[in-house]
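Below is one structure, written out as C-alpha cells; the observations come after it.
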There are 2 protein chains.
Amino acid sequence: MKFKRFTVNDIGNLDRDFRRNFINCLSGFKSVNLCGTTDDRGNTNLAIMSSVVHLGANPALMGMVIRPSVVSRNTLENIFETGSFTFNHISSGMIRSAHQTAGRYDKGISEFNEVGLTEFFSGEITAPYVAESHLKIGLEFREKIDIKSNGTHLVVGEVVEVMLEERFISSDGIIDLEAAGTITIAGLDSYHKASKIVRLSYPRPGLELNELDWF
Amino acid sequence: MKFKRFTVNDIGNLDRDFRRNFINCLSGFKSVNLCGTTDDRGNTNLAIMSSVVHLGANPALMGMVIRPSVVSRNTLENIFETGSFTFNHISSGMIRSAHQTAGRYDKGISEFNEVGLTEFFSGEITAPYVAESHLKIGLEFREKIDIKSNGTHLVVGEVVEVMLEERFISSDGIIDLEAAGTITIAGLDSYHKASKIVRLSYPRPGLELNELDWF
C-alpha cells in the first residue's frame with residue numbers, strides 16, 4: 001500500500017480541476033437534490049444541489065449552501081422573491097436530467113423544459129416540485145447566513161410539506177431511501193446507489209448496540 | 001400506490017421520535033465522518049457527524065453543523081481550545097464503533113478507548129486522527145456561525161492535511177469512495193454502502209452529456 005499525504009501547500013499547488021474534484025470528494029457521499037423555485041412572474045428554475053444539510057427536527061429545518069455563481073444566483077433571487085423552495089430526491093432514471101440542470105441556462109429559461117422534467121404545484125407553496133421525484137419537500141425561507149471565509153451562503157428553510165408513497169415510511173418514522181430509489185453523489189459528477197448494511201440502536205455508554213429492524 | 005402528504009401542522013403533531021427519524025431522512029443519504037479533537041491537556045474526543053458539508057475547493061473549506069447538546073459541546077470546546085479538528089471516513093468494519101461514539105460519555109473519557117478505535121497524531125495539527133480510517137482529513141478552525149433559527153452552529157474549517165492510499169485517487173482528482181469503503185447514513189442510525197452508477201461530463205446548455213471513465 002502506497003500512501004499519499006497532502007499538506008495545505010500541496011493542496012494549493014494542485015491543478016485547478018484536479019483540486020476541484022479532489023476537495024469535492026472529501027466530505028464523503030453527499031445527498032443530492034433538485035431545488036425548484038420560481039420568480040414572482042412564474043418563471044420556474046431547477047438546480048441540482050449537493051450541499052443540502054439537516055439542521056433540526058423540531059422545527060423541521062434544512063439548509064443548503066449556495067455559491068455566489070451565476071447559476072445559483074437565480075435560485076437565491078427566486079427564494080427571496082417568493083419565500084419558498086422545494087427539494088426533490090433524484091432516482092436513477094432522473095440522473096441525466098438532474099445533472100443537466102447545472103448547465104448555465106439564461107435567466108428566464110426554465111430548466112424543467114430544457115432537461116425534460118415536469119413541474120408540479122401543490123397549492124401549499126409557490127415553488128414548483130418535480131413531478132417525477134419520489135420524495136418531494138416544500139420549504140419556507142427562514143434565514144440567509146453569509147459564510148465569510150469564502151463568500152458562500154447558507155440558506156435555511158423550514159419544511160412545510162412532504163410528499164411520498166406511504167410504503168416508504170416505517171412504523172417508527174424512518175424513510176426507506178433505498179426503496180424510494182434515492183441516489184447519492186461523490187464529488188461533482190459521480191452518481192451512486194446505496195444499499196442497506198445495518199441499522200443500529202441508540203448508543204449508551206457501556207451498553208451493547210443492537211441491530212434494529214428496518215421496517 | 002398510496003401517497004402520504006404531510007403539512008407543517010402534520011409534522012408538528014407527529015410523535016417526537018417518529019418526527020426525529022422522519023425529518024432526519026429528508027435530506028437524503030448523508031456523509032458520515034468521525035470528528036477527532038483534543039483539549040489542551042491532551043484529552044481526546046471522537047464524535048460521529050452526519051452534517052459535514054463541502055463549502056469550497058480554493059481555499060479548501062468544509063463545514064459541520066453542531067447542535068448545542070452536551071455531547072457536541074465537548075467537540076466544539078476542543079476546537080476552540082486547540083484550533084484544529086479531523087474528519088475520518090467510516091468503512092463497514094468501523095460502523096459499530098463509530099455509532100457508539102454518539103453515546104453520552106463524560107467529559108475527560110476518550111471515546112477512542114471506549115469504542116476501540118486508535119488515535120493517530122500526524123504532527124501537522126494537534127487534533128487526533130482515527131488510525132483505522134481510510135481517508136483522513138485535518139482541518140484548522142476558521143469560523144463559527146450561529147444559525148439563529150434553531151440555535152445550532154456551523155463550524156467552518158480549512159483543509160490542511162489529507163491522507164489516503166494513492167490507488168483511491170484518479171488521474172483527474174476524484175476519489176474512489178466505493179473502493180475506499182466509505183459508507184453513508186440515512187437518518188440517525190441506518191448505514192448503507194454505495195456503488196457506482198454513472199459519472200457524467202460537465203453540463204452545457206444544448207450539449208449531450210457523456211459518460212466519463214471512473215479511473
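Naming scheme: A, B, ... for chains in displayed order of the C-alpha cells; residues 1 onward per chain; ligands 1 onward as shown.
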
Using only C-alpha atoms and a cut-off of 6 Å, which residues of chain B sit close to chain A? Please list them as a short mmCIF file (atom, residue, chain, number, x, y, z; two decimals) with all heavy atoms, in the first residue's frame.
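Result saved to out-v4.cif:
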```cif
data_model
loop_
_atom_site.label_atom_id
_atom_site.label_comp_id
_atom_site.auth_asym_id
_atom_site.auth_seq_id
_atom_site.Cartn_x
_atom_site.Cartn_y
_atom_site.Cartn_z
N LYS B 2 -50.22 4.41 -2.75
CA LYS B 2 -50.92 5.28 -1.81
C LYS B 2 -49.94 6.36 -1.37
O LYS B 2 -48.86 6.06 -0.86
CB LYS B 2 -51.37 4.43 -0.61
CG LYS B 2 -52.59 4.96 0.10
CD LYS B 2 -53.08 3.99 1.15
CE LYS B 2 -53.88 4.73 2.21
NZ LYS B 2 -54.16 3.90 3.39
N PHE B 3 -50.30 7.61 -1.60
CA PHE B 3 -49.40 8.70 -1.26
C PHE B 3 -49.73 9.30 0.09
O PHE B 3 -50.89 9.35 0.49
CB PHE B 3 -49.46 9.79 -2.34
CG PHE B 3 -48.63 9.46 -3.53
CD1 PHE B 3 -49.19 8.76 -4.60
CD2 PHE B 3 -47.30 9.81 -3.60
CE1 PHE B 3 -48.42 8.43 -5.70
CE2 PHE B 3 -46.53 9.48 -4.69
CZ PHE B 3 -47.09 8.79 -5.75
N LYS B 4 -48.69 9.78 0.78
CA LYS B 4 -48.87 10.49 2.03
C LYS B 4 -48.39 11.92 1.83
O LYS B 4 -47.35 12.16 1.21
CB LYS B 4 -48.02 9.85 3.14
CG LYS B 4 -48.64 8.65 3.79
CD LYS B 4 -49.79 8.99 4.73
CE LYS B 4 -49.32 9.30 6.14
NZ LYS B 4 -50.46 9.50 7.06
N ARG B 5 -49.16 12.85 2.37
CA ARG B 5 -48.77 14.25 2.33
C ARG B 5 -48.77 14.78 3.76
O ARG B 5 -49.74 14.58 4.50
CB ARG B 5 -49.75 15.04 1.47
CG ARG B 5 -49.51 16.52 1.45
CD ARG B 5 -50.43 17.20 0.43
NE ARG B 5 -50.36 18.64 0.56
CZ ARG B 5 -51.17 19.36 1.34
NH1 ARG B 5 -52.12 18.78 2.04
NH2 ARG B 5 -51.03 20.68 1.42
N PHE B 6 -47.65 15.38 4.14
CA PHE B 6 -47.53 15.96 5.48
C PHE B 6 -47.46 17.48 5.35
O PHE B 6 -46.60 18.00 4.64
CB PHE B 6 -46.25 15.48 6.17
CG PHE B 6 -46.17 14.01 6.41
CD1 PHE B 6 -45.73 13.14 5.40
CD2 PHE B 6 -46.53 13.47 7.63
CE1 PHE B 6 -45.64 11.78 5.62
CE2 PHE B 6 -46.45 12.09 7.86
CZ PHE B 6 -46.01 11.24 6.85
N THR B 7 -48.34 18.18 6.03
CA THR B 7 -48.25 19.64 6.07
C THR B 7 -47.42 20.03 7.29
O THR B 7 -47.04 19.18 8.10
CB THR B 7 -49.65 20.27 6.20
OG1 THR B 7 -50.19 19.87 7.47
CG2 THR B 7 -50.57 19.82 5.08
N VAL B 8 -47.18 21.32 7.43
CA VAL B 8 -46.40 21.79 8.58
C VAL B 8 -47.13 21.44 9.89
O VAL B 8 -46.48 21.12 10.90
CB VAL B 8 -46.09 23.30 8.45
CG1 VAL B 8 -47.35 24.15 8.54
CG2 VAL B 8 -45.06 23.75 9.47
N PHE B 18 -40.81 9.63 16.13
CA PHE B 18 -41.16 9.44 14.72
C PHE B 18 -40.67 10.64 13.92
O PHE B 18 -40.03 10.50 12.87
CB PHE B 18 -42.69 9.28 14.58
CG PHE B 18 -43.16 8.94 13.19
CD1 PHE B 18 -43.56 7.64 12.87
CD2 PHE B 18 -43.21 9.90 12.19
CE1 PHE B 18 -44.00 7.32 11.58
CE2 PHE B 18 -43.66 9.59 10.92
CZ PHE B 18 -44.05 8.30 10.62
N ARG B 20 -38.34 12.81 14.62
CA ARG B 20 -36.87 12.88 14.59
C ARG B 20 -36.32 11.96 13.49
O ARG B 20 -35.46 12.36 12.71
CB ARG B 20 -36.32 12.45 15.96
CG ARG B 20 -35.07 13.16 16.38
CD ARG B 20 -34.80 12.93 17.85
NE ARG B 20 -34.43 11.54 18.10
CZ ARG B 20 -33.20 11.14 18.42
NH1 ARG B 20 -32.22 12.02 18.50
NH2 ARG B 20 -32.94 9.88 18.65
N ASN B 21 -36.83 10.74 13.41
CA ASN B 21 -36.40 9.82 12.36
C ASN B 21 -36.78 10.33 10.98
O ASN B 21 -35.97 10.33 10.05
CB ASN B 21 -37.02 8.43 12.58
CG ASN B 21 -36.33 7.64 13.67
OD1 ASN B 21 -35.13 7.81 13.90
ND2 ASN B 21 -37.07 6.78 14.34
N PHE B 22 -38.02 10.75 10.85
CA PHE B 22 -38.58 11.16 9.56
C PHE B 22 -37.84 12.37 9.00
O PHE B 22 -37.35 12.35 7.86
CB PHE B 22 -40.07 11.46 9.74
CG PHE B 22 -40.82 11.75 8.48
CD1 PHE B 22 -41.07 10.75 7.54
CD2 PHE B 22 -41.32 13.03 8.22
CE1 PHE B 22 -41.78 11.02 6.38
CE2 PHE B 22 -42.03 13.30 7.06
CZ PHE B 22 -42.25 12.29 6.14
N ILE B 23 -37.71 13.41 9.80
CA ILE B 23 -37.08 14.65 9.31
C ILE B 23 -35.60 14.42 9.02
O ILE B 23 -35.06 14.95 8.05
CB ILE B 23 -37.28 15.81 10.32
CG1 ILE B 23 -38.78 16.08 10.54
CG2 ILE B 23 -36.58 17.07 9.83
CD1 ILE B 23 -39.56 16.50 9.33
N GLY B 28 -31.81 13.08 2.38
CA GLY B 28 -31.25 12.04 1.52
C GLY B 28 -30.07 11.37 2.20
O GLY B 28 -29.85 11.57 3.40
N PHE B 29 -29.30 10.59 1.46
CA PHE B 29 -28.13 9.95 2.04
C PHE B 29 -27.12 11.02 2.44
O PHE B 29 -26.85 11.94 1.68
CB PHE B 29 -27.52 8.95 1.06
CG PHE B 29 -28.39 7.75 0.87
CD1 PHE B 29 -29.14 7.59 -0.29
CD2 PHE B 29 -28.51 6.79 1.87
CE1 PHE B 29 -29.98 6.50 -0.46
CE2 PHE B 29 -29.35 5.70 1.71
CZ PHE B 29 -30.08 5.54 0.54
N LYS B 30 -26.58 10.86 3.64
CA LYS B 30 -25.68 11.87 4.20
C LYS B 30 -24.28 11.31 4.35
O LYS B 30 -24.10 10.11 4.58
CB LYS B 30 -26.19 12.30 5.58
CG LYS B 30 -27.58 12.88 5.57
CD LYS B 30 -28.03 13.32 6.95
CE LYS B 30 -28.44 12.14 7.81
NZ LYS B 30 -29.12 12.58 9.06
N SER B 31 -23.31 12.20 4.23
CA SER B 31 -21.95 11.80 4.56
C SER B 31 -21.89 11.56 6.06
O SER B 31 -22.64 12.15 6.83
CB SER B 31 -20.97 12.89 4.16
OG SER B 31 -21.12 14.01 5.01
N ALA B 57 -13.50 24.74 -2.79
CA ALA B 57 -12.29 23.99 -3.10
C ALA B 57 -11.03 24.85 -2.99
O ALA B 57 -9.93 24.32 -2.79
CB ALA B 57 -12.38 23.41 -4.51
N GLN B 100 -21.24 4.07 18.24
CA GLN B 100 -21.14 4.09 19.69
C GLN B 100 -20.56 5.41 20.21
O GLN B 100 -20.84 5.81 21.35
CB GLN B 100 -20.29 2.90 20.17
CG GLN B 100 -20.19 2.73 21.67
CD GLN B 100 -21.53 2.36 22.33
OE1 GLN B 100 -22.33 1.65 21.77
NE2 GLN B 100 -21.76 2.90 23.53
N GLY B 103 -22.74 7.95 22.05
CA GLY B 103 -23.16 7.79 23.44
C GLY B 103 -22.71 8.98 24.29
O GLY B 103 -21.72 9.64 23.96
N VAL B 160 -6.12 21.26 5.86
CA VAL B 160 -4.68 21.49 5.86
C VAL B 160 -3.88 20.20 5.70
O VAL B 160 -2.66 20.23 5.56
CB VAL B 160 -4.21 22.23 7.14
CG1 VAL B 160 -4.84 23.63 7.20
CG2 VAL B 160 -4.54 21.43 8.39
N GLU B 161 -4.57 19.05 5.71
CA GLU B 161 -3.89 17.77 5.55
C GLU B 161 -4.89 16.72 5.09
O GLU B 161 -6.02 16.68 5.60
CB GLU B 161 -3.25 17.35 6.88
CG GLU B 161 -2.31 16.16 6.78
CD GLU B 161 -1.53 15.90 8.07
OE1 GLU B 161 -2.11 16.05 9.16
OE2 GLU B 161 -0.35 15.56 7.98
N VAL B 162 -4.50 15.91 4.14
CA VAL B 162 -5.34 14.79 3.68
C VAL B 162 -4.45 13.57 3.52
O VAL B 162 -3.34 13.67 2.96
CB VAL B 162 -6.02 15.09 2.32
CG1 VAL B 162 -6.92 13.93 1.90
CG2 VAL B 162 -6.83 16.38 2.37
N MET B 163 -4.89 12.42 4.04
CA MET B 163 -4.11 11.19 3.94
C MET B 163 -4.99 10.04 3.45
O MET B 163 -6.07 9.81 4.01
CB MET B 163 -3.50 10.84 5.30
CG MET B 163 -2.34 11.76 5.66
SD MET B 163 -1.75 11.51 7.37
CE MET B 163 -3.05 12.34 8.27
N LEU B 164 -4.53 9.36 2.42
CA LEU B 164 -5.26 8.21 1.88
C LEU B 164 -4.33 7.38 1.00
O LEU B 164 -3.24 7.85 0.64
CB LEU B 164 -6.49 8.64 1.08
CG LEU B 164 -6.30 9.30 -0.31
CD1 LEU B 164 -7.62 9.35 -1.04
CD2 LEU B 164 -5.74 10.70 -0.19
N GLU B 165 -4.75 6.17 0.68
CA GLU B 165 -3.96 5.34 -0.24
C GLU B 165 -4.00 5.95 -1.64
O GLU B 165 -5.04 6.39 -2.10
CB GLU B 165 -4.55 3.92 -0.30
CG GLU B 165 -4.09 3.03 0.83
CD GLU B 165 -4.64 1.62 0.64
OE1 GLU B 165 -4.34 1.00 -0.40
OE2 GLU B 165 -5.39 1.16 1.53
N GLU B 166 -2.85 5.91 -2.28
CA GLU B 166 -2.72 6.52 -3.60
C GLU B 166 -3.67 5.90 -4.63
O GLU B 166 -4.20 6.58 -5.50
CB GLU B 166 -1.26 6.37 -4.08
CG GLU B 166 -0.92 7.24 -5.26
CD GLU B 166 0.59 7.27 -5.50
OE1 GLU B 166 1.27 6.27 -5.18
OE2 GLU B 166 1.08 8.30 -6.00
N ASP B 172 -7.68 12.45 -12.60
CA ASP B 172 -8.27 13.80 -12.61
C ASP B 172 -8.76 14.25 -11.24
O ASP B 172 -9.52 15.21 -11.14
CB ASP B 172 -9.36 13.93 -13.69
CG ASP B 172 -10.55 13.01 -13.45
OD1 ASP B 172 -10.52 12.20 -12.49
OD2 ASP B 172 -11.52 13.10 -14.22
N GLY B 173 -8.34 13.53 -10.21
CA GLY B 173 -8.56 14.05 -8.86
C GLY B 173 -9.73 13.46 -8.10
O GLY B 173 -9.86 13.70 -6.90
N ILE B 174 -10.63 12.71 -8.77
CA ILE B 174 -11.73 12.16 -7.99
C ILE B 174 -11.21 11.01 -7.12
O ILE B 174 -10.24 10.34 -7.45
CB ILE B 174 -12.96 11.72 -8.84
CG1 ILE B 174 -12.70 10.47 -9.63
CG2 ILE B 174 -13.47 12.86 -9.70
CD1 ILE B 174 -14.01 9.81 -10.11
N ASP B 189 -29.52 6.35 12.14
CA ASP B 189 -28.99 5.04 12.53
C ASP B 189 -28.92 4.02 11.41
O ASP B 189 -28.68 2.86 11.65
CB ASP B 189 -29.86 4.47 13.67
CG ASP B 189 -31.35 4.43 13.29
OD1 ASP B 189 -31.66 4.41 12.08
OD2 ASP B 189 -32.18 4.42 14.22
N SER B 190 -29.13 4.44 10.15
CA SER B 190 -29.27 3.49 9.05
C SER B 190 -28.09 3.62 8.10
O SER B 190 -28.00 4.57 7.32
CB SER B 190 -30.59 3.75 8.31
OG SER B 190 -31.67 3.66 9.22
N TYR B 191 -27.19 2.65 8.18
CA TYR B 191 -25.93 2.71 7.43
C TYR B 191 -26.05 1.97 6.11
O TYR B 191 -26.64 0.88 6.05
CB TYR B 191 -24.80 2.13 8.29
CG TYR B 191 -24.57 2.96 9.53
CD1 TYR B 191 -25.25 2.69 10.71
CD2 TYR B 191 -23.71 4.05 9.50
CE1 TYR B 191 -25.07 3.48 11.85
CE2 TYR B 191 -23.52 4.84 10.64
CZ TYR B 191 -24.20 4.55 11.80
OH TYR B 191 -24.03 5.33 12.91
N HIS B 192 -25.47 2.55 5.07
CA HIS B 192 -25.55 2.00 3.71
C HIS B 192 -24.18 2.02 3.06
O HIS B 192 -23.35 2.88 3.36
CB HIS B 192 -26.50 2.84 2.85
CG HIS B 192 -27.93 2.82 3.28
ND1 HIS B 192 -28.37 3.42 4.44
CD2 HIS B 192 -29.03 2.27 2.69
CE1 HIS B 192 -29.69 3.24 4.54
NE2 HIS B 192 -30.11 2.56 3.50
N LYS B 193 -23.98 1.07 2.13
CA LYS B 193 -22.81 1.16 1.26
C LYS B 193 -23.28 1.70 -0.08
O LYS B 193 -24.47 1.61 -0.42
CB LYS B 193 -22.13 -0.20 1.12
CG LYS B 193 -22.96 -1.24 0.45
CD LYS B 193 -22.20 -2.57 0.41
CE LYS B 193 -23.13 -3.65 -0.12
NZ LYS B 193 -22.82 -4.97 0.35
N ALA B 194 -22.34 2.26 -0.84
CA ALA B 194 -22.69 2.89 -2.11
C ALA B 194 -21.96 2.20 -3.25
O ALA B 194 -20.84 1.72 -3.07
CB ALA B 194 -22.32 4.37 -2.08
N SER B 195 -22.62 2.11 -4.40
CA SER B 195 -21.97 1.54 -5.57
C SER B 195 -22.24 2.41 -6.79
O SER B 195 -23.30 3.03 -6.93
CB SER B 195 -22.46 0.10 -5.79
OG SER B 195 -23.86 0.04 -5.73
N LYS B 196 -21.25 2.45 -7.66
CA LYS B 196 -21.26 3.38 -8.79
C LYS B 196 -22.40 3.12 -9.76
O LYS B 196 -22.70 1.98 -10.10
CB LYS B 196 -19.94 3.27 -9.55
CG LYS B 196 -18.72 3.64 -8.74
CD LYS B 196 -17.46 3.47 -9.60
CE LYS B 196 -16.20 3.68 -8.78
NZ LYS B 196 -15.90 2.51 -7.90
N ILE B 197 -23.02 4.19 -10.24
CA ILE B 197 -23.97 4.10 -11.34
C ILE B 197 -23.34 4.71 -12.60
O ILE B 197 -23.12 4.02 -13.58
CB ILE B 197 -25.29 4.85 -11.03
CG1 ILE B 197 -25.94 4.33 -9.75
CG2 ILE B 197 -26.26 4.71 -12.21
CD1 ILE B 197 -27.15 5.14 -9.31
N VAL B 198 -23.03 6.00 -12.53
CA VAL B 198 -22.51 6.67 -13.72
C VAL B 198 -21.77 7.95 -13.31
O VAL B 198 -22.08 8.56 -12.27
CB VAL B 198 -23.67 7.02 -14.70
CG1 VAL B 198 -24.59 8.11 -14.13
CG2 VAL B 198 -23.15 7.43 -16.08
N ARG B 199 -20.78 8.29 -14.13
CA ARG B 199 -20.08 9.57 -13.99
C ARG B 199 -20.36 10.36 -15.26
O ARG B 199 -20.18 9.84 -16.36
CB ARG B 199 -18.58 9.29 -13.83
CG ARG B 199 -17.85 10.39 -13.16
CD ARG B 199 -16.34 10.19 -13.07
NE ARG B 199 -15.79 11.51 -12.98
CZ ARG B 199 -14.58 11.89 -13.31
NH1 ARG B 199 -13.72 10.99 -13.75
NH2 ARG B 199 -14.20 13.14 -13.21
N LEU B 200 -20.80 11.61 -15.13
CA LEU B 200 -21.25 12.39 -16.28
C LEU B 200 -20.36 13.62 -16.52
O LEU B 200 -19.84 14.21 -15.58
CB LEU B 200 -22.70 12.84 -16.08
CG LEU B 200 -23.75 11.72 -16.08
CD1 LEU B 200 -25.12 12.28 -15.72
CD2 LEU B 200 -23.79 11.02 -17.44
N PRO B 203 -21.95 19.71 -17.63
CA PRO B 203 -23.15 20.03 -18.41
C PRO B 203 -23.10 21.42 -19.05
O PRO B 203 -22.68 22.38 -18.40
CB PRO B 203 -24.26 19.97 -17.36
CG PRO B 203 -23.59 20.34 -16.08
CD PRO B 203 -22.16 19.86 -16.18
N ARG B 204 -23.49 21.49 -20.31
CA ARG B 204 -23.61 22.77 -21.01
C ARG B 204 -24.94 22.78 -21.76
O ARG B 204 -25.34 21.76 -22.32
CB ARG B 204 -22.47 22.94 -22.04
CG ARG B 204 -21.11 23.01 -21.39
CD ARG B 204 -19.99 23.16 -22.44
NE ARG B 204 -18.72 22.66 -21.92
CZ ARG B 204 -17.94 23.32 -21.06
NH1 ARG B 204 -18.28 24.53 -20.67
NH2 ARG B 204 -16.82 22.79 -20.63
N PRO B 205 -25.63 23.94 -21.77
CA PRO B 205 -26.93 24.02 -22.46
C PRO B 205 -26.81 23.53 -23.91
O PRO B 205 -25.88 23.92 -24.63
CB PRO B 205 -27.26 25.52 -22.41
CG PRO B 205 -26.57 26.01 -21.18
CD PRO B 205 -25.29 25.22 -21.11
#
```

Which residues, written as number ranges by chain, have at least one atom at most 10 Å from Phe121 of chain B, with only C-alpha atoms counted and residues fewer than 6 positions away on the same chain left out?
B: 127-131

To one decimal place, how far is atom CA of Ile79 of chain A from atom CA of Gly116 of chain A in Å?
22.5 Å

What residues in segment 14-68 of chain B get the DSSP label helix (DSSP H, G or I)? Please answer as a list in words.
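Reading the DSSP output for segment 14-68 of chain B, helix (DSSP H, G or I) covers Arg16, Asp17, Phe18, Arg19, Arg20, Asn21, Phe22, Ile23, Asn24 and Cys25 of chain B.
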
With all heavy atoms retained, write the just-selected residues as a tab-separated table (two decimals), in the first residue's frame.
```
chain	number	residue	atom	x	y	z
B	16	ARG	N	-42.74	12.52	18.80
B	16	ARG	CA	-41.41	13.14	18.80
B	16	ARG	C	-40.34	12.23	18.17
B	16	ARG	O	-39.54	12.68	17.35
B	16	ARG	CB	-41.03	13.46	20.26
B	16	ARG	CG	-39.77	14.27	20.42
B	16	ARG	CD	-39.55	14.69	21.87
B	16	ARG	NE	-38.15	15.01	22.10
B	16	ARG	CZ	-37.20	14.11	22.36
B	16	ARG	NH1	-37.50	12.83	22.42
B	16	ARG	NH2	-35.95	14.49	22.55
B	17	ASP	N	-40.31	10.96	18.53
B	17	ASP	CA	-39.30	10.04	17.99
B	17	ASP	C	-39.54	9.77	16.51
B	17	ASP	O	-38.59	9.68	15.72
B	17	ASP	CB	-39.29	8.72	18.76
B	17	ASP	CG	-38.74	8.90	20.17
B	17	ASP	OD1	-38.03	9.90	20.41
B	17	ASP	OD2	-39.03	8.06	21.03
B	18	PHE	N	-40.81	9.63	16.13
B	18	PHE	CA	-41.16	9.44	14.72
B	18	PHE	C	-40.67	10.64	13.92
B	18	PHE	O	-40.03	10.50	12.87
B	18	PHE	CB	-42.69	9.28	14.58
B	18	PHE	CG	-43.16	8.94	13.19
B	18	PHE	CD1	-43.56	7.64	12.87
B	18	PHE	CD2	-43.21	9.90	12.19
B	18	PHE	CE1	-44.00	7.32	11.58
B	18	PHE	CE2	-43.66	9.59	10.92
B	18	PHE	CZ	-44.05	8.30	10.62
B	19	ARG	N	-40.95	11.85	14.41
B	19	ARG	CA	-40.56	13.06	13.67
B	19	ARG	C	-39.04	13.15	13.54
B	19	ARG	O	-38.52	13.52	12.49
B	19	ARG	CB	-41.12	14.30	14.37
B	19	ARG	CG	-40.73	15.61	13.65
B	19	ARG	CD	-41.38	16.82	14.30
B	19	ARG	NE	-41.14	16.83	15.72
B	19	ARG	CZ	-42.07	17.07	16.64
B	19	ARG	NH1	-43.30	17.36	16.27
B	19	ARG	NH2	-41.76	17.05	17.92
B	20	ARG	N	-38.34	12.81	14.62
B	20	ARG	CA	-36.87	12.88	14.59
B	20	ARG	C	-36.32	11.96	13.49
B	20	ARG	O	-35.46	12.36	12.71
B	20	ARG	CB	-36.32	12.45	15.96
B	20	ARG	CG	-35.07	13.16	16.38
B	20	ARG	CD	-34.80	12.93	17.85
B	20	ARG	NE	-34.43	11.54	18.10
B	20	ARG	CZ	-33.20	11.14	18.42
B	20	ARG	NH1	-32.22	12.02	18.50
B	20	ARG	NH2	-32.94	9.88	18.65
B	21	ASN	N	-36.83	10.74	13.41
B	21	ASN	CA	-36.40	9.82	12.36
B	21	ASN	C	-36.78	10.33	10.98
B	21	ASN	O	-35.97	10.33	10.05
B	21	ASN	CB	-37.02	8.43	12.58
B	21	ASN	CG	-36.33	7.64	13.67
B	21	ASN	OD1	-35.13	7.81	13.90
B	21	ASN	ND2	-37.07	6.78	14.34
B	22	PHE	N	-38.02	10.75	10.85
B	22	PHE	CA	-38.58	11.16	9.56
B	22	PHE	C	-37.84	12.37	9.00
B	22	PHE	O	-37.35	12.35	7.86
B	22	PHE	CB	-40.07	11.46	9.74
B	22	PHE	CG	-40.82	11.75	8.48
B	22	PHE	CD1	-41.07	10.75	7.54
B	22	PHE	CD2	-41.32	13.03	8.22
B	22	PHE	CE1	-41.78	11.02	6.38
B	22	PHE	CE2	-42.03	13.30	7.06
B	22	PHE	CZ	-42.25	12.29	6.14
B	23	ILE	N	-37.71	13.41	9.80
B	23	ILE	CA	-37.08	14.65	9.31
B	23	ILE	C	-35.60	14.42	9.02
B	23	ILE	O	-35.06	14.95	8.05
B	23	ILE	CB	-37.28	15.81	10.32
B	23	ILE	CG1	-38.78	16.08	10.54
B	23	ILE	CG2	-36.58	17.07	9.83
B	23	ILE	CD1	-39.56	16.50	9.33
B	24	ASN	N	-34.96	13.59	9.85
B	24	ASN	CA	-33.54	13.29	9.61
B	24	ASN	C	-33.29	12.55	8.30
B	24	ASN	O	-32.16	12.52	7.80
B	24	ASN	CB	-32.96	12.50	10.78
B	24	ASN	CG	-32.25	13.39	11.80
B	24	ASN	OD1	-31.13	13.81	11.58
B	24	ASN	ND2	-32.93	13.70	12.89
B	25	CYS	N	-34.32	11.90	7.76
B	25	CYS	CA	-34.17	11.18	6.49
B	25	CYS	C	-34.38	12.08	5.27
B	25	CYS	O	-34.04	11.70	4.14
B	25	CYS	CB	-35.17	10.03	6.41
B	25	CYS	SG	-34.72	8.61	7.44
```

I want to know what sits within 7 Å of Leu46 of chain B, based on only C-alpha atoms, with residues of the same chain fewer than 2 positions away left out; could you give that as a PyMOL selection string?
chain B and resi 34-37+44+48+101+111-112

Selection export as a short mmCIF file (atom, residue, chain, number, x, y, z; two decimals), in the first residue's frame, atoms kept: N, CA, C and O atoms:
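Once written, out.cif looks like this:
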```
data_model
loop_
_atom_site.label_atom_id
_atom_site.label_comp_id
_atom_site.auth_asym_id
_atom_site.auth_seq_id
_atom_site.Cartn_x
_atom_site.Cartn_y
_atom_site.Cartn_z
N LEU B 34 -16.14 10.65 11.38
CA LEU B 34 -15.75 10.74 12.78
C LEU B 34 -14.92 12.00 12.96
O LEU B 34 -13.91 12.19 12.26
N CYS B 35 -15.35 12.86 13.87
CA CYS B 35 -14.64 14.11 14.13
C CYS B 35 -13.75 13.93 15.35
O CYS B 35 -14.24 13.69 16.46
N GLY B 36 -12.44 14.02 15.15
CA GLY B 36 -11.47 13.87 16.23
C GLY B 36 -11.00 15.23 16.74
O GLY B 36 -10.68 16.11 15.95
N THR B 37 -10.99 15.38 18.08
CA THR B 37 -10.49 16.61 18.69
C THR B 37 -9.74 16.25 19.97
O THR B 37 -9.80 15.13 20.47
N THR B 44 -8.52 13.34 24.49
CA THR B 44 -9.07 13.27 23.14
C THR B 44 -10.58 13.00 23.17
O THR B 44 -11.12 12.51 24.15
N ILE B 48 -19.29 11.10 16.09
CA ILE B 48 -19.82 10.83 14.75
C ILE B 48 -20.63 12.04 14.29
O ILE B 48 -21.39 12.61 15.07
N THR B 101 -19.78 6.12 19.40
CA THR B 101 -19.22 7.41 19.86
C THR B 101 -20.30 8.43 20.16
O THR B 101 -20.03 9.43 20.82
N GLU B 111 -13.60 8.73 23.79
CA GLU B 111 -14.38 7.77 23.00
C GLU B 111 -13.46 6.82 22.23
O GLU B 111 -13.87 5.70 21.90
N PHE B 112 -12.24 7.24 21.92
CA PHE B 112 -11.31 6.34 21.23
C PHE B 112 -11.17 5.04 22.02
O PHE B 112 -11.33 3.93 21.49
#
```

Apply DSSP to the backbone of this structure and, from chain B, keep only the residues in strand (DSSP E); write these as JSON, numbers by chain.
{"B": [3, 4, 5, 6, 7, 30, 31, 33, 34, 35, 36, 37, 38, 44, 45, 46, 47, 48, 49, 52, 53, 54, 55, 56, 57, 60, 61, 62, 63, 64, 65, 66, 84, 85, 86, 87, 88, 89, 119, 120, 129, 130, 135, 136, 137, 138, 139, 140, 141, 142, 143, 144, 145, 146, 147, 152, 153, 154, 155, 156, 157, 158, 159, 160, 161, 162, 163, 164, 165, 184, 185, 186, 190, 191, 192, 193, 194, 195, 196, 197, 198, 199]}

Rounded to one decimal place, report the atom CA of Phe141 of chain A-atom CA of Thr82 of chain A distance in Å.
8.8 Å

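Going from atom CA of Pro68 of chain B over to atom CA of Gly108 of chain B, you cover 18.5 Å.
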